[in-house]
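Note: the block below is target19.cif and it holds mmCIF, C-alpha atoms.
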data_final
#
loop_
_atom_site.group_PDB
_atom_site.id
_atom_site.type_symbol
_atom_site.label_atom_id
_atom_site.label_comp_id
_atom_site.auth_asym_id
_atom_site.auth_seq_id
_atom_site.Cartn_x
_atom_site.Cartn_y
_atom_site.Cartn_z
ATOM 1 C CA MET A 1 0.000 0.000 0.000
ATOM 2 C CA ASN A 2 2.937 2.313 0.592
ATOM 3 C CA ILE A 3 3.948 2.148 -3.070
ATOM 4 C CA TYR A 4 0.663 3.725 -4.038
ATOM 5 C CA GLY A 5 0.565 6.161 -1.159
ATOM 6 C CA SER A 6 -2.363 4.723 0.778
ATOM 7 C CA PRO A 7 -2.320 5.600 4.465
ATOM 8 C CA TRP A 8 -1.903 2.173 6.023
ATOM 9 C CA ASN A 9 0.430 3.590 8.688
ATOM 10 C CA GLY A 10 -0.128 0.720 11.080
ATOM 11 C CA LEU A 11 -3.885 1.107 11.358
ATOM 12 C CA CYS A 12 -5.650 -1.909 12.763
ATOM 13 C CA TRP A 13 -7.567 -3.913 10.167
ATOM 14 C CA ASN A 14 -11.026 -2.644 11.199
ATOM 15 C CA ALA A 15 -9.920 0.992 11.201
ATOM 16 C CA PHE A 16 -8.343 0.613 7.767
ATOM 17 C CA ILE A 17 -11.449 -1.038 6.293
ATOM 18 C CA ASP A 18 -13.637 1.718 7.791
ATOM 19 C CA TRP A 19 -11.345 4.352 6.298
ATOM 20 C CA ALA A 20 -11.202 2.647 2.887
ATOM 21 C CA SER A 21 -14.973 2.146 2.697
ATOM 22 C CA THR A 22 -15.541 5.876 3.103
ATOM 23 C CA HIS A 23 -12.666 7.095 0.905
ATOM 24 C CA TRP A 24 -12.578 4.534 -1.899
ATOM 25 C CA ARG A 25 -15.956 5.150 -3.489
ATOM 26 C CA GLY A 26 -16.458 5.283 -7.234
ATOM 27 C CA ASN A 27 -14.549 3.785 -10.099
ATOM 28 C CA SER A 28 -11.875 6.310 -11.033
ATOM 29 C CA PRO A 29 -8.548 4.704 -11.964
ATOM 30 C CA ALA A 30 -7.017 5.803 -8.651
ATOM 31 C CA ILE A 31 -9.866 4.242 -6.642
ATOM 32 C CA VAL A 32 -9.781 1.061 -8.713
ATOM 33 C CA ALA A 33 -6.007 0.832 -8.219
ATOM 34 C CA ASN A 34 -6.436 1.159 -4.439
ATOM 35 C CA LYS A 35 -9.113 -1.530 -4.366
ATOM 36 C CA LEU A 36 -6.948 -3.732 -6.567
ATOM 37 C CA CYS A 37 -3.991 -3.352 -4.188
ATOM 38 C CA LEU A 38 -6.088 -4.346 -1.214
ATOM 39 C CA GLY A 39 -7.720 -7.296 -2.960
ATOM 40 C CA VAL A 40 -4.471 -8.678 -4.335
ATOM 41 C CA ALA A 41 -2.716 -8.321 -0.977
ATOM 42 C CA VAL A 42 -5.508 -10.082 0.888
ATOM 43 C CA TYR A 43 -5.606 -12.875 -1.694
ATOM 44 C CA HIS A 44 -1.854 -13.541 -1.606
ATOM 45 C CA ILE A 45 -1.673 -13.412 2.185
ATOM 46 C CA TRP A 46 -4.661 -15.776 2.460
ATOM 47 C CA ARG A 47 -3.060 -18.115 -0.071
ATOM 48 C CA GLU A 48 0.226 -18.113 1.843
ATOM 49 C CA ARG A 49 -1.637 -18.833 5.078
ATOM 50 C CA ASN A 50 -3.367 -21.813 3.491
ATOM 51 C CA CYS A 51 -0.092 -23.168 2.094
ATOM 52 C CA ARG A 52 1.492 -22.983 5.532
ATOM 53 C CA ILE A 53 -1.449 -24.656 7.257
ATOM 54 C CA PHE A 54 -2.475 -27.295 4.729
ATOM 55 C CA GLU A 55 0.674 -28.002 2.725
ATOM 56 C CA GLY A 56 3.390 -27.300 5.258
ATOM 57 C CA THR A 57 5.197 -24.995 2.843
ATOM 58 C CA GLN A 58 6.086 -21.359 3.277
ATOM 59 C CA LYS A 59 7.572 -18.474 1.360
ATOM 60 C CA THR A 60 9.506 -15.588 2.839
ATOM 61 C CA SER A 61 7.698 -12.305 3.341
ATOM 62 C CA LEU A 62 9.827 -10.817 0.552
ATOM 63 C CA VAL A 63 8.664 -13.489 -1.904
ATOM 64 C CA VAL A 64 5.023 -12.924 -0.936
ATOM 65 C CA ALA A 65 5.457 -9.139 -1.272
ATOM 66 C CA ARG A 66 7.089 -9.580 -4.695
ATOM 67 C CA SER A 67 4.154 -11.767 -5.810
ATOM 68 C CA ILE A 68 1.711 -9.080 -4.667
ATOM 69 C CA ILE A 69 3.583 -6.315 -6.472
ATOM 70 C CA ASP A 70 3.975 -8.350 -9.670
ATOM 71 C CA THR A 71 0.281 -9.238 -9.728
ATOM 72 C CA ILE A 72 -0.743 -5.612 -9.226
ATOM 73 C CA ARG A 73 1.613 -4.467 -11.994
ATOM 74 C CA CYS A 74 0.252 -7.113 -14.330
ATOM 75 C CA GLN A 75 -3.339 -6.052 -13.655
ATOM 76 C CA LEU A 76 -2.554 -2.329 -13.928
ATOM 77 C CA SER A 77 -0.779 -2.864 -17.246
ATOM 78 C CA SER A 78 -4.182 -3.741 -18.737
ATOM 79 C CA PHE A 79 -5.658 -0.370 -17.660
ATOM 80 C CA ASN A 80 -5.633 2.740 -19.828
ATOM 81 C CA LEU A 81 -3.492 4.990 -17.643
ATOM 82 C CA LYS A 82 -2.760 7.650 -20.271
ATOM 83 C CA ASN A 83 -4.470 10.322 -18.159
ATOM 84 C CA HIS A 84 -3.084 8.939 -14.907
ATOM 85 C CA PRO A 85 0.717 9.076 -15.182
ATOM 86 C CA VAL A 86 1.228 9.053 -11.409
ATOM 87 C CA ILE A 87 -0.310 5.581 -11.127
ATOM 88 C CA ALA A 88 1.788 4.357 -14.056
ATOM 89 C CA LEU A 89 4.928 5.898 -12.584
ATOM 90 C CA ASN A 90 4.362 4.577 -9.042
ATOM 91 C CA TRP A 91 3.828 1.049 -10.336
ATOM 92 C CA ASN A 92 6.323 1.207 -13.201
ATOM 93 C CA VAL A 93 3.791 0.311 -15.892
ATOM 94 C CA ASN A 94 3.272 1.723 -19.351
ATOM 95 C CA SER A 95 0.726 4.559 -19.331
ATOM 96 C CA SER A 96 -0.379 4.206 -22.951
#

Target encoding structure tokens, full file:
Amino acid sequence: MNIYGSPWNGLCWNAFIDWASTHWRGNSPAIVANKLCLGVAVYHIWRERNCRIFEGTQKTSLVVARSIIDTIRCQLSSFNLKNHPVIALNWNVNSS
């Protein structure tokens, strides 16, 4: 979330969800990117949890973080970010 500039800042989960539900309304590219970041992070963390519990395997936090970032970049690369260069720059994706 720090890459995109969202104010995680150590908020507890409930406080962050309350904040996000009031600030992330609509479907502008910036809002969609925020929602995408949250969804991808939750998915990858949940998947890692399940692998640890049910398969006895684990990845380092750096590997999980890299998977999250790569997935977000891949998804954002399919967006038309021509009018949103900050998103493209923050995530290192092509804006055209």

### Message
Excluding Gln58 (chain A) and its own-chain neighbours fewer than 3 positions away, which residues fall within 8 Å of it when counting all atoms listed in the file? Please give them as a PyMOL selection string.
### Response
chain A and resi 48+51-52

### Query
What's the 12 Å shell around region 19-33 of chain A, counting only C-alpha atoms, without same-chain residues fewer than 4 positions away, as a PyMOL selection string?
chain A and resi 1+3-8+11-15+37-40+71-88+90-91+95

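Note that the spacing between CA of Leu62 (chain A) and CA of Arg47 (chain A) amounts to 14.8 Å.
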
### Query
Between CA of Arg49 (chain A) and CA of Val64 (chain A), what is the spacing in Å?
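Taking CA of Val64 (chain A) as the start and CA of Arg49 (chain A) as the end point, the length is 10.7 Å.
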
Provide an axis-aligned box for all listed atoms of region 29-48 of chain A, padding each side by 8 Å; report its centre and its edge lengths in Å to one decimal, as lines of an AutoDock Vina configuration file.
center_x = -4.8
center_y = -6.2
center_z = -4.8
size_x = 26.1
size_y = 39.9
size_z = 30.4

#### Entry: A:Leu36, A:Ile17, A:Ala41, A:Ile69 ranked by distance to Val93 (chain A), top pick (using only C-alpha atoms)
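Among A:Leu36, A:Ile17, A:Ala41, A:Ile69, it is A:Ile69 that comes nearest to Val93 (chain A).
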
### Task
Take CA of Asn92 (chain A) and CA of Arg66 (chain A) and report the distance between them in Å, one decimal.
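The value is 13.8 Å.
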